[in-house]
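Notes follow once the structure below has been shown.
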Amino acid sequence: MAKKKTQHMVEKENRRLKSLKTLVIQFLQQEPNKSFNHKQIAAATGLKGELSTDRFIELLESMAAAGLLKMPERGKYSLVITQKILTGRLEIKAEGYGFVVLDGEEKTDDIFIPPNRLGKAMNGDQVKIKIIKNGGRGQRSEGEVTAVLERAADVFIGTIEIVGRIPTFRPDDPKLNQEFMVQVSPDIVVRDGDKVLLKLGDWDNHLPIGQVIKVLGKSGENETEMHAILFQYGFQVVFPPEVEAEVLQFDGKIPESEIQKRRDMRGVTTFTIDPHDAKDFDDALSFLRLPNGNVEVGVHIADVSHFVRPGTALDDEAYNRATSVYLVDRTVPMLPERLSNDLCSLRPHEDRLTFSAIFEVDENGHLVNEWFGKTIIYSDRRFSYEEAQTVIEAGEGEYAEELAEMNRLAKIFQADRFKHGSINFEEDEVKFELDEKGKPIRVYRKVRKDAHKMIEDWMLMANKRVTVHVAKLRTGIPVPFVYRVHDRPDEDKLRNL
């Protein structure tokens, strides 16, 4: 029994010593660059009186022998810091300091980087850092950038300001607080107030070299600022030569062999409804009154896949762009203009290739039949939303009967959607009126009326029924399809809706 008791006491003493060592290390971590004698450590850790002086010194010396502490001066101790390689993304604040979001670290505070410890790193860079001060209770650890692993950007947008005869660069991005030695090529003329693209060059000295590679125009002018926005977010205005070369191969003629593969809808009344300033028309509606009293409504979208084939430069470019980009005064298309504004635009009085969802609906809004597939259409009329709304409200004008019936059925669909839990997310949309120079002169609310809602409800009908159709196809057939999976909604919030 005595032997077991002695062993138990040894284990208890070891746990106690381990706890004391932890307290010592935690204290020294707060001041990793300073050293302290045994009295200072004992007082700061609350261990004064816990051990005799000799026993406490013996503890510190054993920690030094184990490589946990070092003795830069006789009788003084400091922490041995094993530098762990830390990497992460640098986020610089407008005030000049930054934080590094560490890679692969879970539930770890970002590392604070003072302005004088940023080195040659800039906002968004992937960097390597070292810890220069461990965070105590309620404080962040502090670090220093030791290397830039990857630049977030090497071309920047800003305005040239000429002081005396020396050009300086004022960046648009407030987080880019780096000064540059500005160089201008002899073939580029730069004036005071010009907005430019500045490319990062050598950074061997205190300041990096910034080379002006393009003048966008006078800072503040609409065209200049629009080009700056497009560049800032990586939107490409010009298509690569190989893409333009592929587009030139399309002569716009639809072979009879292609028409034979499709359902011919050219004899059915068809029209588009879009904003008055739209340049391309992606979708159309068709209307046909059937002998049995039902109506057949077609929802048609341009068949872009007829032109954009897998493995082509055109397909690769469309994949990289992902979508068209809409600014206040212009559109940067996903496809070259020959396609986006012509061959894939459902312009009036021209044959166009489409994908279609065609629905037979009775007078009560019940779906009787449906069909999905490739079609060819001929649009009889291009409506703006305002023109279509005028016809709906007046009950007369071109295609008044068709618009009235489609609007009536759309309202039935809408009421049914709300009855089954659909939520109305409708919000005010702001529109800008521009002058001839692209300067905003008026802001107004865009009012959504029946013409807008009618288009929306027929499109929702098409989306819903296509989803059901494709889901059925998946039974035993490997058809790829996109699904959206949402978290379960908050029950309390649902009850308050």
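Please note that chains go A, B, ... in the order of the structure tokens, that every chain numbers its residues from 1, and that ligands are numbered from 1 in the order shown.
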
- Message: Run DSSP on the backbone and tell me which residues of segment 325-455 of chain A come out as strand (DSSP E); list them as an MDAnalysis selection string.
- Response: chainID A and resid 325:326 331:332 351:361 367:378 381:384 429:434 440:446

- Skipping near chain neighbours, those fewer than 3 positions away, what residues fall within 12 Å of Ile455 of chain A using only C-alpha atoms, listed as number ranges by chain? A: 271-275, 283-286, 297-300, 383-385, 388-389, 403, 406-411, 413-414, 448-452, 458-462

- Task: Would you list the contacts of segment 166-182 of chain A as number ranges by chain, taking every protein, DNA or RNA residue within 8 Å and counting only C-alpha atoms, but skipping same-chain residues closer than 2 positions in sequence?
- Result: A: 92-94, 96, 122-123, 156-164, 184, 192, 207-212

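Excluding Ser379 of chain A and any residue on its chain fewer than 5 positions from it, the residues at most 7 Å away by only C-alpha atoms are Thr270, Phe271, Leu346, Arg347, Pro348, His349 and Glu350 of chain A.
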
With C-alpha atoms retained, could you export that selection as a CSV table (one decimal), in the first residue's frame?
```
chain,number,residue,atom,x,y,z
A,270,THR,CA,-45.7,35.9,-81.2
A,271,PHE,CA,-44.3,39.0,-79.6
A,346,LEU,CA,-35.7,37.5,-80.9
A,347,ARG,CA,-36.0,40.6,-83.1
A,348,PRO,CA,-39.4,41.3,-84.9
A,349,HIS,CA,-40.0,40.1,-88.4
A,350,GLU,CA,-37.1,37.6,-88.5
```

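All residues of segment 249-369 of chain A that DSSP, run on the backbone, classes as alpha helix (DSSP H) are Glu256, Ser257, Glu258, Ile259, Ala313, Leu314, Asp315, Asp316, Glu317, Ala318, Tyr319, Asn320, Arg321, Glu337 and Arg338 of chain A.
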
- Message: Would you pick out the contacts of segment 287-296 of chain A at 6 Å or less, using only C-alpha atoms, so that residues sharing its chain but fewer than 5 positions from it are not included, and give the list as a list in words?
- Response: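 Skipping anything fewer than 5 positions along the chain leaves Thr269, Phe359, Glu360, Val361 and Asp362 of chain A.
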
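Shortest atom-to-atom contact with Asp303 of chain A among A:Glu429, A:Asp316, A:Asp282, A:Glu396: A:Asp282, counting only C-alpha atoms.
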